[in-house]
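Peer 1: If it helps, the file is called model.txt and holds compact mmCIF, C-alpha atoms:
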```
# COMPACT_ATOMS: atom_id res chain seq x y z
CA MET A 370 33.14 -17.87 -34.40
CA LEU A 371 29.49 -18.25 -33.47
CA ASP A 372 30.56 -18.77 -29.87
CA THR A 373 32.41 -15.46 -29.84
CA ILE A 374 29.40 -13.60 -31.25
CA ILE A 375 27.08 -15.15 -28.64
CA ASP A 376 29.57 -14.32 -25.90
CA VAL A 377 29.71 -10.70 -27.03
CA ILE A 378 25.90 -10.43 -27.12
CA ALA A 379 25.63 -12.03 -23.69
CA SER A 380 28.24 -9.61 -22.33
CA ILE A 381 26.35 -6.62 -23.70
CA PHE A 382 23.14 -7.95 -22.15
CA MET A 383 24.85 -8.42 -18.80
CA ILE A 384 26.32 -4.92 -18.72
CA LEU A 385 22.99 -3.37 -19.78
CA GLY A 386 21.19 -5.41 -17.13
CA CYS A 387 23.57 -4.15 -14.48
CA LEU A 388 23.10 -0.58 -15.71
CA MET A 389 19.36 -1.03 -15.12
CA SER A 390 20.07 -1.95 -11.49
CA LEU A 391 22.27 1.13 -11.29
CA ALA A 392 19.42 3.23 -12.71
CA ALA A 393 17.17 1.90 -9.97
CA GLY A 394 19.78 2.82 -7.36
CA ILE A 395 20.22 6.34 -8.74
CA GLY A 396 16.47 6.78 -8.98
CA MET A 397 16.00 5.65 -5.39
CA LEU A 398 18.40 8.35 -4.30
CA ARG A 399 17.46 11.21 -6.58
CA PHE A 400 13.68 11.18 -6.99
CA PRO A 401 11.91 13.64 -4.72
CA ASP A 402 9.22 11.56 -2.99
CA LEU A 403 8.09 8.03 -2.24
CA LEU A 404 5.62 7.78 -5.10
CA SER A 405 8.24 8.74 -7.69
CA ARG A 406 10.78 6.42 -6.15
CA MET A 407 8.39 3.53 -6.68
CA HIS A 408 8.83 4.02 -10.43
CA ALA A 409 12.59 3.69 -10.08
CA ALA A 410 12.20 0.59 -7.96
CA THR A 411 9.88 -1.30 -10.32
CA LYS A 412 10.50 -0.43 -13.95
CA PRO A 413 14.21 -0.67 -14.77
CA GLN A 414 14.53 -3.90 -12.79
CA VAL A 415 12.04 -5.70 -15.01
CA LEU A 416 14.12 -5.08 -18.12
CA GLY A 417 17.31 -5.62 -16.13
CA LEU A 418 16.29 -9.09 -14.99
CA PHE A 419 15.10 -9.94 -18.50
CA LEU A 420 18.49 -9.02 -19.98
CA LEU A 421 20.39 -10.98 -17.32
CA LEU A 422 18.21 -14.07 -17.77
CA ALA A 423 18.58 -13.79 -21.56
CA ALA A 424 22.35 -13.63 -21.14
CA LEU A 425 22.22 -16.73 -18.93
CA GLY A 426 20.14 -18.57 -21.53
CA LEU A 427 22.56 -17.57 -24.30
CA GLU A 428 25.58 -18.79 -22.35
CA LEU A 429 24.15 -22.10 -21.22
CA ARG A 430 22.52 -22.88 -24.58
CA SER A 431 20.23 -25.60 -23.29
CA TRP A 432 16.50 -25.69 -23.94
CA VAL A 433 15.72 -27.30 -20.60
CA ILE A 434 16.31 -24.15 -18.60
CA VAL A 435 14.33 -21.82 -20.88
CA PRO A 436 11.02 -22.52 -19.03
CA VAL A 437 12.65 -21.72 -15.68
CA LEU A 438 14.09 -18.48 -17.06
CA ALA A 439 10.69 -17.55 -18.47
CA LEU A 440 9.07 -18.45 -15.15
CA ALA A 441 11.49 -16.25 -13.20
CA TRP A 442 10.67 -13.32 -15.45
CA ILE A 443 6.90 -13.92 -15.45
CA VAL A 444 6.92 -14.15 -11.64
CA GLN A 445 8.60 -10.76 -11.56
CA LEU A 446 6.13 -9.35 -14.09
CA LEU A 447 3.25 -10.52 -11.90
CA THR A 448 4.64 -9.42 -8.54
CA ALA A 449 6.32 -6.08 -9.30
CA PRO A 450 3.12 -4.17 -10.18
CA VAL A 451 1.25 -5.57 -7.19
CA SER A 452 3.91 -4.57 -4.69
CA ALA A 453 4.22 -1.17 -6.40
CA HIS A 454 0.47 -0.71 -6.03
CA MET A 455 0.39 -1.83 -2.40
CA VAL A 456 3.30 0.37 -1.35
CA GLY A 457 2.02 3.33 -3.40
CA ARG A 458 -1.45 2.96 -1.95
CA ALA A 459 -0.15 2.77 1.62
CA GLY A 460 2.12 5.73 0.89
CA TYR A 461 -0.74 7.81 -0.47
CA ARG A 462 -3.06 6.98 2.40
CA THR A 463 -0.50 7.69 5.08
CA ARG A 464 0.41 10.93 3.28
CA HIS A 465 3.99 10.06 2.48
CA LEU A 466 3.94 12.43 -0.45
CA LYS A 467 5.14 15.88 -1.26
CA ARG A 468 2.26 17.93 -2.61
CA GLU A 469 4.57 20.33 -4.40
CA THR A 470 5.89 17.63 -6.72
CA LEU A 471 2.38 16.78 -7.90
CA LEU A 472 1.04 18.79 -10.80
CA THR A 473 -2.55 17.64 -10.31
CA ASP A 474 -4.12 15.27 -7.84
CA GLU A 475 -7.50 14.06 -9.01
CA LEU A 476 -7.73 11.46 -6.25
CA ALA A 477 -7.56 14.23 -3.63
CA THR A 478 -10.62 15.91 -5.14
CA VAL A 479 -12.53 12.63 -5.03
CA VAL A 480 -11.47 11.94 -1.45
CA ALA A 481 -12.42 15.50 -0.43
CA ALA A 482 -15.82 15.14 -2.10
CA ALA A 483 -16.46 11.82 -0.36
CA ALA A 484 -15.44 13.30 2.99
CA ALA A 485 -17.76 16.26 2.45
CA ARG A 486 -20.65 13.99 1.52
CA GLU A 487 -20.02 11.92 4.62
CA ARG A 488 -20.05 14.99 6.86
CA LYS A 489 -23.30 16.15 5.26
CA GLU A 490 -25.09 12.84 5.73
CA ASN A 491 -23.69 12.33 9.20
CA GLY A 492 -25.87 9.30 9.90
CA GLU A 493 -25.68 5.56 10.28
CA ASP A 494 -25.02 5.11 6.60
CA THR A 495 -21.80 7.05 6.48
CA GLU A 496 -19.60 4.26 7.68
CA SER A 497 -20.75 1.82 5.02
CA ASN A 498 -20.57 4.45 2.26
CA ARG A 499 -17.03 5.22 3.14
CA ALA A 500 -16.09 1.55 3.23
CA ASP A 501 -17.60 1.16 -0.23
CA PHE A 502 -15.55 3.91 -1.66
CA ILE A 503 -12.24 3.01 -0.18
CA ASP A 504 -12.18 -0.75 -0.20
CA MET B 222 34.50 -12.81 -19.67
CA SER B 223 36.50 -11.75 -16.63
CA VAL B 224 36.53 -8.13 -17.88
CA VAL B 225 32.73 -8.24 -18.13
CA LEU B 226 32.60 -9.75 -14.65
CA TRP B 227 34.63 -6.84 -13.26
CA ILE B 228 32.50 -4.21 -15.03
CA CYS B 229 29.24 -5.80 -13.84
CA GLY B 230 30.57 -6.24 -10.33
CA THR B 231 31.56 -2.59 -10.13
CA ILE B 232 28.21 -1.36 -11.46
CA LEU B 233 26.25 -3.59 -9.10
CA SER B 234 28.38 -2.54 -6.13
CA ILE B 235 27.69 1.13 -6.87
CA ALA B 236 23.98 0.38 -7.24
CA ALA B 237 23.92 -1.53 -3.96
CA PHE B 238 25.81 1.30 -2.26
CA LEU B 239 23.30 3.92 -3.48
CA THR B 240 20.40 1.74 -2.35
CA ILE B 241 21.94 1.27 1.08
CA ILE B 242 22.27 5.06 1.43
CA ARG B 243 18.51 5.31 0.78
CA LEU B 244 17.96 2.47 3.23
CA ILE B 245 19.80 4.40 5.93
CA LYS B 246 18.28 7.81 5.14
CA GLY B 247 14.71 6.57 5.09
CA PRO B 248 12.86 8.78 6.00
CA SER B 249 9.85 6.46 6.36
CA ILE B 250 9.46 2.71 6.64
CA LEU B 251 7.93 2.50 3.16
CA GLU B 252 11.09 3.95 1.62
CA ARG B 253 13.11 1.37 3.49
CA VAL B 254 10.86 -1.40 2.25
CA ILE B 255 11.30 -0.49 -1.40
CA ALA B 256 15.03 0.03 -0.87
CA THR B 257 15.24 -3.49 0.58
CA ASP B 258 13.29 -4.75 -2.41
CA VAL B 259 15.74 -3.13 -4.82
CA LEU B 260 18.65 -4.51 -2.82
CA LEU B 261 17.20 -8.02 -3.09
CA LEU B 262 16.89 -7.61 -6.85
CA ILE B 263 20.50 -6.42 -7.04
CA VAL B 264 21.56 -9.56 -5.19
CA SER B 265 19.59 -11.75 -7.59
CA ALA B 266 21.19 -9.85 -10.50
CA ALA B 267 24.59 -10.69 -9.03
CA LEU B 268 23.56 -14.36 -8.77
CA CYS B 269 22.48 -14.33 -12.44
CA ILE B 270 25.87 -12.95 -13.44
CA ASP B 271 27.68 -15.55 -11.38
CA MET B 272 25.66 -18.28 -13.09
CA THR B 273 26.33 -16.81 -16.53
CA VAL B 274 30.07 -16.45 -16.04
CA ASN B 275 30.62 -19.80 -14.34
CA LYS B 276 28.00 -21.62 -16.44
CA HIS B 277 25.92 -23.35 -13.81
CA THR B 278 22.25 -23.16 -12.76
CA ASN B 279 22.53 -23.74 -9.03
CA ASN B 280 21.00 -20.41 -8.01
CA LEU B 281 18.18 -20.23 -10.53
CA VAL B 282 15.49 -21.20 -8.05
CA PHE B 283 16.74 -18.52 -5.70
CA VAL B 284 16.19 -15.90 -8.40
CA VAL B 285 12.58 -17.06 -8.74
CA LEU B 286 12.10 -17.08 -4.98
CA ALA B 287 13.74 -13.67 -4.49
CA CYS B 288 10.93 -12.02 -6.47
CA LEU B 289 8.30 -13.80 -4.39
CA VAL B 290 9.94 -13.07 -1.04
CA GLY B 291 10.42 -9.39 -1.91
CA PHE B 292 6.79 -9.24 -2.99
CA ILE B 293 5.44 -10.80 0.18
CA GLY B 294 7.68 -8.56 2.31
CA SER B 295 6.61 -5.29 0.75
CA VAL B 296 2.92 -6.24 0.66
CA THR B 297 2.96 -7.26 4.32
CA VAL B 298 4.68 -4.11 5.51
CA SER B 299 2.52 -1.78 3.42
CA ARG B 300 -0.55 -3.50 4.82
CA PHE B 301 0.36 -2.57 8.37
CA VAL B 302 1.96 0.82 7.92
CA THR B 303 0.35 3.66 9.86
CA ASP B 304 0.33 7.41 9.47
CA ARG B 305 3.26 8.14 11.71
CA ARG B 306 6.36 9.89 10.47
CA ASN B 307 9.75 8.29 11.18
CA ALA B 308 7.97 5.10 12.06
CA MET C 1402 -21.02 -12.23 -13.77
CA SER C 1403 -22.86 -8.94 -13.90
CA PRO C 1404 -21.47 -5.97 -11.96
CA VAL C 1405 -24.26 -6.26 -9.39
CA GLU C 1406 -23.56 -9.92 -8.73
CA ARG C 1407 -19.88 -9.18 -8.61
CA LEU C 1408 -20.34 -6.52 -5.97
CA SER C 1409 -22.67 -8.63 -3.86
CA ASP C 1410 -20.20 -11.50 -4.05
CA ALA C 1411 -17.41 -9.21 -2.90
CA LYS C 1412 -19.53 -7.86 -0.05
CA ASN C 1413 -20.69 -11.28 1.10
CA GLU C 1414 -19.23 -11.67 4.55
CA SER C 1415 -20.31 -15.23 5.30
CA GLY C 1416 -16.97 -16.49 4.02
CA GLN C 1417 -18.73 -18.52 1.34
CA ARG C 1418 -17.63 -17.51 -2.11
CA GLN C 1419 -19.03 -18.81 -5.34
CA ARG C 1420 -17.34 -22.09 -6.19
CA ALA C 1421 -15.40 -22.14 -9.40
CA THR C 1422 -16.30 -24.93 -11.79
CA LEU C 1423 -13.61 -27.24 -13.10
CA ARG C 1424 -13.83 -25.64 -16.52
CA GLN C 1425 -13.19 -22.17 -15.06
CA GLU C 1426 -10.16 -23.52 -13.24
CA LEU C 1427 -8.58 -25.17 -16.26
CA PRO C 1428 -6.26 -22.24 -17.15
CA LEU C 1429 -5.08 -22.09 -13.52
CA LEU C 1430 -4.44 -25.85 -13.42
CA LEU C 1431 -2.53 -25.70 -16.71
CA TRP C 1432 -0.40 -22.84 -15.41
CA MET C 1433 0.38 -24.67 -12.16
CA VAL C 1434 1.40 -27.83 -14.01
CA LEU C 1435 3.68 -25.78 -16.27
CA VAL C 1436 5.26 -24.09 -13.23
CA TRP C 1437 5.83 -27.49 -11.64
CA GLY C 1438 7.50 -28.80 -14.79
CA ALA C 1439 9.61 -25.67 -15.18
CA LEU C 1440 10.83 -25.74 -11.59
CA TRP C 1441 11.89 -29.39 -11.84
CA GLN C 1442 13.29 -28.74 -15.33
CA ASP C 1443 11.61 -31.98 -16.28
CA PHE C 1444 8.63 -32.21 -18.64
CA SER C 1445 8.30 -36.00 -18.65
CA PRO C 1446 4.69 -37.30 -18.42
CA GLY C 1447 5.17 -38.83 -14.95
CA ASN C 1448 6.35 -35.58 -13.45
CA LEU C 1449 3.54 -33.61 -15.12
CA VAL C 1450 0.89 -36.04 -13.85
CA PHE C 1451 2.26 -35.71 -10.32
CA GLY C 1452 2.17 -31.92 -10.76
CA LEU C 1453 -1.45 -32.17 -11.91
CA ILE C 1454 -2.40 -34.18 -8.82
CA LEU C 1455 -0.71 -31.62 -6.58
CA SER C 1456 -2.38 -28.70 -8.33
CA LEU C 1457 -5.79 -30.36 -8.04
CA ILE C 1458 -5.20 -30.70 -4.29
CA VAL C 1459 -4.05 -27.07 -4.03
CA VAL C 1460 -7.02 -25.77 -6.02
CA ASN C 1461 -9.48 -27.68 -3.86
CA VAL C 1462 -7.91 -26.94 -0.49
CA PHE C 1463 -7.15 -23.24 -1.02
CA GLN C 1464 -10.20 -22.03 -2.85
CA LEU C 1465 -10.24 -18.72 -4.66
CA PRO C 1466 -13.16 -16.88 -6.22
CA PRO C 1467 -13.38 -17.85 -9.89
CA VAL C 1468 -11.70 -15.75 -12.56
CA ILE C 1469 -14.28 -15.17 -15.23
CA LEU C 1470 -12.87 -15.42 -18.73
CA SER C 1471 -14.82 -14.05 -21.63
CA GLY C 1472 -14.26 -17.17 -23.72
CA ARG C 1473 -12.70 -15.10 -26.50
CA PHE C 1474 -8.99 -15.09 -27.21
CA ASN C 1475 -7.36 -13.69 -30.32
CA ILE C 1476 -3.90 -15.18 -30.79
CA PHE C 1477 -2.82 -12.69 -33.44
CA ARG C 1478 -3.76 -9.78 -31.18
CA ALA C 1479 -1.98 -11.49 -28.29
CA VAL C 1480 1.27 -11.71 -30.25
CA THR C 1481 1.16 -8.06 -31.35
CA PHE C 1482 0.22 -7.09 -27.79
CA LEU C 1483 3.20 -8.99 -26.43
CA GLY C 1484 5.58 -7.43 -28.95
CA ARG C 1485 4.33 -3.94 -28.20
CA PHE C 1486 4.49 -4.68 -24.47
CA LEU C 1487 8.15 -5.79 -24.60
CA TRP C 1488 9.07 -2.71 -26.60
CA ASP C 1489 7.24 -0.49 -24.10
CA VAL C 1490 9.07 -2.15 -21.19
CA VAL C 1491 12.39 -1.29 -22.84
CA LEU C 1492 11.27 2.32 -23.42
CA ALA C 1493 9.99 2.63 -19.85
CA SER C 1494 13.27 1.47 -18.34
CA PHE C 1495 15.33 3.91 -20.36
CA GLU C 1496 12.90 6.73 -19.63
CA VAL C 1497 13.12 6.17 -15.89
CA MET C 1498 16.91 5.89 -16.18
CA TYR C 1499 17.08 9.19 -18.08
CA LEU C 1500 14.81 10.93 -15.57
CA ALA C 1501 16.74 9.57 -12.60
CA ILE C 1502 20.09 10.72 -13.94
CA PHE C 1503 19.30 14.07 -15.58
CA ARG C 1504 16.11 15.35 -13.95
CA GLY C 1505 16.35 13.88 -10.47
CA PRO C 1506 14.73 15.94 -7.71
CA LYS C 1507 13.03 18.31 -10.16
CA THR C 1508 10.80 15.56 -11.59
CA LYS C 1509 7.13 16.53 -11.49
CA SER C 1510 4.37 13.97 -11.36
CA ALA C 1511 0.60 13.80 -11.08
CA VAL C 1512 -2.20 11.63 -9.78
CA ILE C 1513 -4.88 11.27 -12.45
CA ALA C 1514 -8.17 9.40 -12.64
CA VAL C 1515 -8.90 7.21 -15.65
CA CYS C 1516 -12.37 5.76 -16.10
CA LEU C 1517 -12.12 2.51 -18.05
CA ARG C 1518 -14.72 1.19 -20.49
CA THR C 1519 -14.62 -2.37 -19.19
CA GLU C 1520 -16.51 -3.87 -16.29
CA SER C 1521 -14.47 -7.04 -16.13
CA ASP C 1522 -12.18 -7.44 -13.15
CA LEU C 1523 -9.71 -9.43 -15.21
CA ILE C 1524 -9.23 -6.73 -17.82
CA MET C 1525 -9.01 -4.03 -15.15
CA THR C 1526 -6.29 -6.00 -13.40
CA GLY C 1527 -4.55 -6.58 -16.71
CA VAL C 1528 -4.60 -2.87 -17.53
CA GLY C 1529 -3.22 -2.11 -14.07
CA HIS C 1530 -0.38 -4.60 -14.47
CA VAL C 1531 0.55 -3.56 -17.98
CA LEU C 1532 0.52 0.17 -17.31
CA THR C 1533 2.73 -0.29 -14.27
CA LEU C 1534 5.35 -1.90 -16.47
CA VAL C 1535 5.18 0.48 -19.43
CA PRO C 1536 6.21 4.15 -19.37
CA GLY C 1537 5.12 6.57 -16.81
CA SER C 1538 2.55 5.28 -14.37
CA TYR C 1539 1.36 2.89 -11.69
CA VAL C 1540 -1.93 2.36 -9.91
CA VAL C 1541 -2.41 4.12 -6.58
CA GLU C 1542 -6.07 3.38 -5.97
CA VAL C 1543 -8.86 1.46 -7.67
CA ASP C 1544 -12.57 2.16 -7.58
CA ARG C 1545 -14.01 -1.16 -8.68
CA ARG C 1546 -17.62 -0.04 -8.85
CA SER C 1547 -17.03 2.61 -11.52
CA SER C 1548 -13.96 0.90 -13.05
CA THR C 1549 -11.84 3.92 -12.26
CA LEU C 1550 -8.10 3.66 -11.82
CA TYR C 1551 -6.19 6.39 -10.01
CA LEU C 1552 -2.68 6.49 -11.39
CA HIS C 1553 0.53 8.10 -10.33
CA VAL C 1554 2.21 9.36 -13.48
CA LEU C 1555 5.87 10.30 -13.57
CA ASN C 1556 7.17 13.27 -15.57
CA VAL C 1557 4.01 15.32 -16.00
CA ASN C 1558 4.94 18.92 -16.65
CA ALA C 1559 1.76 20.23 -18.25
CA PRO C 1560 -1.94 19.28 -18.35
CA GLU C 1561 -1.38 17.97 -21.90
CA ASP C 1562 1.01 15.33 -20.53
CA ALA C 1563 -1.69 14.11 -18.17
CA GLU C 1564 -4.15 13.95 -21.06
CA GLN C 1565 -1.60 11.99 -23.10
CA ALA C 1566 -1.09 9.53 -20.22
CA ARG C 1567 -4.86 9.05 -19.99
CA GLN C 1568 -5.06 8.35 -23.71
CA ASP C 1569 -2.20 5.82 -23.41
CA VAL C 1570 -4.10 3.94 -20.70
CA MET C 1571 -7.24 3.85 -22.86
CA ASP C 1572 -5.11 2.46 -25.70
CA ILE C 1573 -3.74 -0.30 -23.48
CA GLU C 1574 -7.28 -1.17 -22.48
CA ALA C 1575 -8.39 -1.20 -26.11
CA ARG C 1576 -5.58 -3.60 -26.99
CA LEU C 1577 -6.48 -5.88 -24.07
CA ILE C 1578 -10.16 -5.90 -25.04
CA ARG C 1579 -9.24 -6.76 -28.63
CA MET C 1580 -7.17 -9.62 -27.26
CA MET C 1581 -9.49 -11.15 -24.67
CA GLY C 1582 -12.49 -8.95 -23.98
CA SER C 1583 -16.07 -10.14 -24.33
CA LYS C 1584 -17.98 -9.72 -27.59
CA GLU C 1585 -20.08 -6.85 -26.22
CA GLU C 1586 -17.04 -4.89 -25.14
CA LEU C 1587 -15.37 -5.48 -28.49
CA GLU C 1588 -18.44 -4.22 -30.33
CA ALA C 1589 -18.63 -1.16 -28.12
CA LEU C 1590 -14.96 -0.54 -28.79
CA ASN C 1591 -15.35 -0.89 -32.55
CA ALA C 1592 -18.37 1.41 -32.51
CA GLU C 1593 -16.28 4.20 -31.01
CA PRO C 1594 -15.20 6.87 -33.46
CA LYS C 1595 -11.45 6.86 -34.03
CA HIS C 1596 -9.11 9.47 -32.57
CA THR C 1597 -11.51 10.92 -30.08
CA LYS C 1598 -10.97 11.72 -26.51
CA SER C 1599 -12.93 8.69 -25.44
CA LYS C 1600 -14.83 8.29 -22.19
CA THR C 1601 -12.26 9.98 -20.00
CA LYS C 1602 -13.21 11.23 -16.62
CA LYS C 1603 -12.98 14.96 -16.15
CA ILE C 1604 -12.90 16.16 -12.61
CA SER C 1605 -13.19 19.86 -12.00
CA GLU C 1606 -10.27 21.67 -10.51
CA GLU C 1607 -12.27 23.06 -7.63
CA GLY C 1608 -11.66 21.54 -4.25
CA LYS C 1609 -8.00 21.13 -5.05
CA PRO C 1610 -5.88 21.89 -2.00
```
Can the structure in the file be given as structure tokens, please?
Peer 2:
Amino acid sequence: MLDTIIDVIASIFMILGCLMSLAAGIGMLRFPDLLSRMHAATKPQVLGLFLLLAALGLELRSWVIVPVLALAWIVQLLTAPVSAHMVGRAGYRTRHLKRETLLTDELATVVAAAAARERKENGEDTESNRADFID
Amino acid sequence: MSVVLWICGTILSIAAFLTIIRLIKGPSILERVIATDVLLLIVSAALCIDMTVNKHTNNLVFVVLACLVGFIGSVTVSRFVTDRRNA
Amino acid sequence: MSPVERLSDAKNESGQRQRATLRQELPLLLWMVLVWGALWQDFSPGNLVFGLILSLIVVNVFQLPPVILSGRFNIFRAVTFLGRFLWDVVLASFEVMYLAIFRGPKTKSAVIAVCLRTESDLIMTGVGHVLTLVPGSYVVEVDRRSSTLYLHVLNVNAPEDAEQARQDVMDIEARLIRMMGSKEELEALNAEPKHTKSKTKKISEEGKP
């Protein structure tokens, strides 16, 4: 009886987890620009992997593998935001974005201000100032 | 369980198919990188389901490593990407 | 480390970073031993000791600049934070799913600047990680000197949505400070009046392309 209940829960988790992968796929295809697609690539997968690992833990029912399952999820939690940031940052800097999908862009104002300041100073210091701001 | 396996397999195949379309369409290398990342996660999802249905843990380390490899890949590429369309 | 020291350490180009003391590296060592045990699926003392030896070698051969902890950690706050975080992850996934299926190409987004209260690198990184995983946003650019995060926020249709997103980020930061911020930051946080638009950065619209 208990086995059946656990099986049903695990099945639901598995199907939901797969649906999260599907959501990522649909998002990859349907969002308008690179920066929005990053959201589709990172967020649903985190929950999706959690559900799949939970289903695995429920089916195997052994405490020994729980740390590995937790580790797999924590590794994803730690890496997904960093790769999202790196790709988003590279995308923004190399102008892989559609301005018309952005409602406001406060970074552009800051970048424009910094560029203007640099032009005004136009001396030896400009290079180091710019490096400070960007890196 | 085999019904669940079929449902999950179908969903994941559709997801992989959609991701591969994005991988082909591009238009830039960054899009391809994140599409590859998603594809890798779909593969590790499939491995998780295989382990759950057949009750073994042989691929668990691969699931951990898949996250790390995808991470290193996307970070490396985004580090060296330049402002050139269709690159 | 004060902000000035932090900046000079980051700018130091001699390749010599400040050495971390053993006490500062304890959390890292503990984490590495746990990872070792988890990967072997074996938590017997012999295996853990071997893991400890390996992690000591790794820490000493591949040196990293020290992570400065505040020395404060509230377990109760950590548990509530974790619960809220998991719930937010669930919400975020379904939100992105909904947007991908029903809104698709018409989705509007925005890049906003949020000026954080904290000066600690650790909390800034934590805020960046958490807000990438919960609804709506991820970090595009960081200005470490002024603790400003530039976020890409999905599904922003009006200026109020951007304001809401900014408030959400400040809330995440407040929760993180309550969990592991330094005493000074906690006092500053508690001194803030409730339900105000706290220290958010307003940038004028002029100069917008």
Peer 1: Would you mind listing, for every residue of chain B within 12 Å of chain C, the two atoms forming the shortest contact and the distance between them in Å to one decimal, using only C-alpha atoms, sorted by chain and ascending residue number, as a Markdown table?
Peer 2:
```
| residue | atom | partner | partner_atom | distance |
| --- | --- | --- | --- | --- |
| B:Thr278 | CA | C:Gln1442 | CA | 10.9 |
| B:Leu281 | CA | C:Leu1440 | CA | 9.2 |
| B:Val282 | CA | C:Leu1440 | CA | 7.4 |
| B:Phe283 | CA | C:Leu1440 | CA | 11.0 |
| B:Val284 | CA | C:Leu1440 | CA | 11.7 |
| B:Val285 | CA | C:Leu1440 | CA | 9.3 |
| B:Leu286 | CA | C:Leu1440 | CA | 11.0 |
```
Peer 1: Would you mind exporting the chosen residues as a PDB file, in the frame of the given file, restricted to C-alpha atoms?
Peer 2:
```
ATOM      1  CA  THR B 278      22.250 -23.160 -12.760  1.00  0.00           C
ATOM      2  CA  LEU B 281      18.180 -20.230 -10.530  1.00  0.00           C
ATOM      3  CA  VAL B 282      15.490 -21.200  -8.050  1.00  0.00           C
ATOM      4  CA  PHE B 283      16.740 -18.520  -5.700  1.00  0.00           C
ATOM      5  CA  VAL B 284      16.190 -15.900  -8.400  1.00  0.00           C
ATOM      6  CA  VAL B 285      12.580 -17.060  -8.740  1.00  0.00           C
ATOM      7  CA  LEU B 286      12.100 -17.080  -4.980  1.00  0.00           C
TER       8      LEU B 286
END
```
Peer 1: Just to confirm, what's the straight-line distance from CA of Ile395 (chain A) to CA of Leu244 (chain B) in Å (one decimal)?
Peer 2: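 Distance between the two atoms: 12.8 Å.
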Peer 1: Write out as a Markdown table the residues of chain B that have any atom within 8 Å of an atom of chain A, one row each with the nearest atom pair and its distance in Å to one decimal, counting all atoms listed in the file, sorted by chain and then rising number.
Peer 2:
```
| residue | atom | partner | partner_atom | distance |
| --- | --- | --- | --- | --- |
| B:Met222 | CA | A:Ser380 | CA | 7.5 |
| B:Val225 | CA | A:Ser380 | CA | 6.3 |
| B:Ile228 | CA | A:Ile384 | CA | 7.2 |
| B:Cys229 | CA | A:Ile384 | CA | 5.8 |
| B:Ile232 | CA | A:Cys387 | CA | 6.2 |
| B:Leu233 | CA | A:Cys387 | CA | 6.0 |
| B:Ile235 | CA | A:Leu391 | CA | 7.0 |
| B:Ala236 | CA | A:Leu391 | CA | 4.5 |
| B:Ala237 | CA | A:Gly394 | CA | 6.9 |
| B:Leu239 | CA | A:Gly394 | CA | 5.4 |
| B:Thr240 | CA | A:Gly394 | CA | 5.2 |
| B:Ile242 | CA | A:Leu398 | CA | 7.7 |
| B:Arg243 | CA | A:Leu398 | CA | 5.9 |
| B:Ser249 | CA | A:His465 | CA | 7.9 |
| B:Leu251 | CA | A:Val456 | CA | 6.8 |
| B:Glu252 | CA | A:Leu403 | CA | 6.4 |
| B:Ile255 | CA | A:Ala410 | CA | 6.7 |
| B:Ala256 | CA | A:Met397 | CA | 7.3 |
| B:Asp258 | CA | A:Ala410 | CA | 7.8 |
| B:Val259 | CA | A:Ala410 | CA | 6.0 |
| B:Leu262 | CA | A:Gln414 | CA | 7.4 |
| B:Ile263 | CA | A:Ser390 | CA | 6.3 |
| B:Ala266 | CA | A:Leu418 | CA | 6.7 |
| B:Cys269 | CA | A:Leu421 | CA | 6.3 |
| B:Ile270 | CA | A:Leu421 | CA | 7.0 |
| B:Met272 | CA | A:Leu425 | CA | 7.0 |
| B:Thr273 | CA | A:Leu425 | CA | 4.8 |
| B:Lys276 | CA | A:Leu429 | CA | 6.2 |
| B:His277 | CA | A:Leu429 | CA | 7.7 |
| B:Leu281 | CA | A:Val437 | CA | 7.7 |
| B:Val284 | CA | A:Ala441 | CA | 6.7 |
| B:Val285 | CA | A:Ala441 | CA | 4.7 |
| B:Cys288 | CA | A:Gln445 | CA | 5.7 |
| B:Leu289 | CA | A:Thr448 | CA | 7.1 |
| B:Phe292 | CA | A:Ser452 | CA | 5.7 |
| B:Ser295 | CA | A:Ser452 | CA | 6.1 |
| B:Val296 | CA | A:Ser452 | CA | 5.7 |
| B:Ser299 | CA | A:Val456 | CA | 5.3 |
| B:Arg300 | CA | A:Ala459 | CA | 7.1 |
| B:Val302 | CA | A:Ala459 | CA | 6.9 |
| B:Thr303 | CA | A:Thr463 | CA | 6.3 |
| B:Asp304 | CA | A:Thr463 | CA | 4.5 |
| B:Arg305 | CA | A:Thr463 | CA | 7.6 |
```
Peer 1: Take the point (12.8, 2.2, -23.8) as written in the file and pick out every residue within 12 Å of it, counting all atoms listed in the file; give the list as a compact mmCIF listing (two decimals) with C-alpha atoms, in the coordinates of the input.
Peer 2:
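Result went into part_34.txt, see below:
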```txt
# COMPACT_ATOMS: atom_id res chain seq x y z
CA MET A 389 19.36 -1.03 -15.12
CA LYS A 412 10.50 -0.43 -13.95
CA PRO A 413 14.21 -0.67 -14.77
CA VAL A 415 12.04 -5.70 -15.01
CA LEU A 416 14.12 -5.08 -18.12
CA GLY A 417 17.31 -5.62 -16.13
CA ARG C 1485 4.33 -3.94 -28.20
CA PHE C 1486 4.49 -4.68 -24.47
CA LEU C 1487 8.15 -5.79 -24.60
CA TRP C 1488 9.07 -2.71 -26.60
CA ASP C 1489 7.24 -0.49 -24.10
CA VAL C 1490 9.07 -2.15 -21.19
CA VAL C 1491 12.39 -1.29 -22.84
CA LEU C 1492 11.27 2.32 -23.42
CA ALA C 1493 9.99 2.63 -19.85
CA SER C 1494 13.27 1.47 -18.34
CA PHE C 1495 15.33 3.91 -20.36
CA GLU C 1496 12.90 6.73 -19.63
CA VAL C 1497 13.12 6.17 -15.89
CA MET C 1498 16.91 5.89 -16.18
CA TYR C 1499 17.08 9.19 -18.08
CA LEU C 1534 5.35 -1.90 -16.47
CA VAL C 1535 5.18 0.48 -19.43
CA PRO C 1536 6.21 4.15 -19.37
CA GLY C 1537 5.12 6.57 -16.81
```
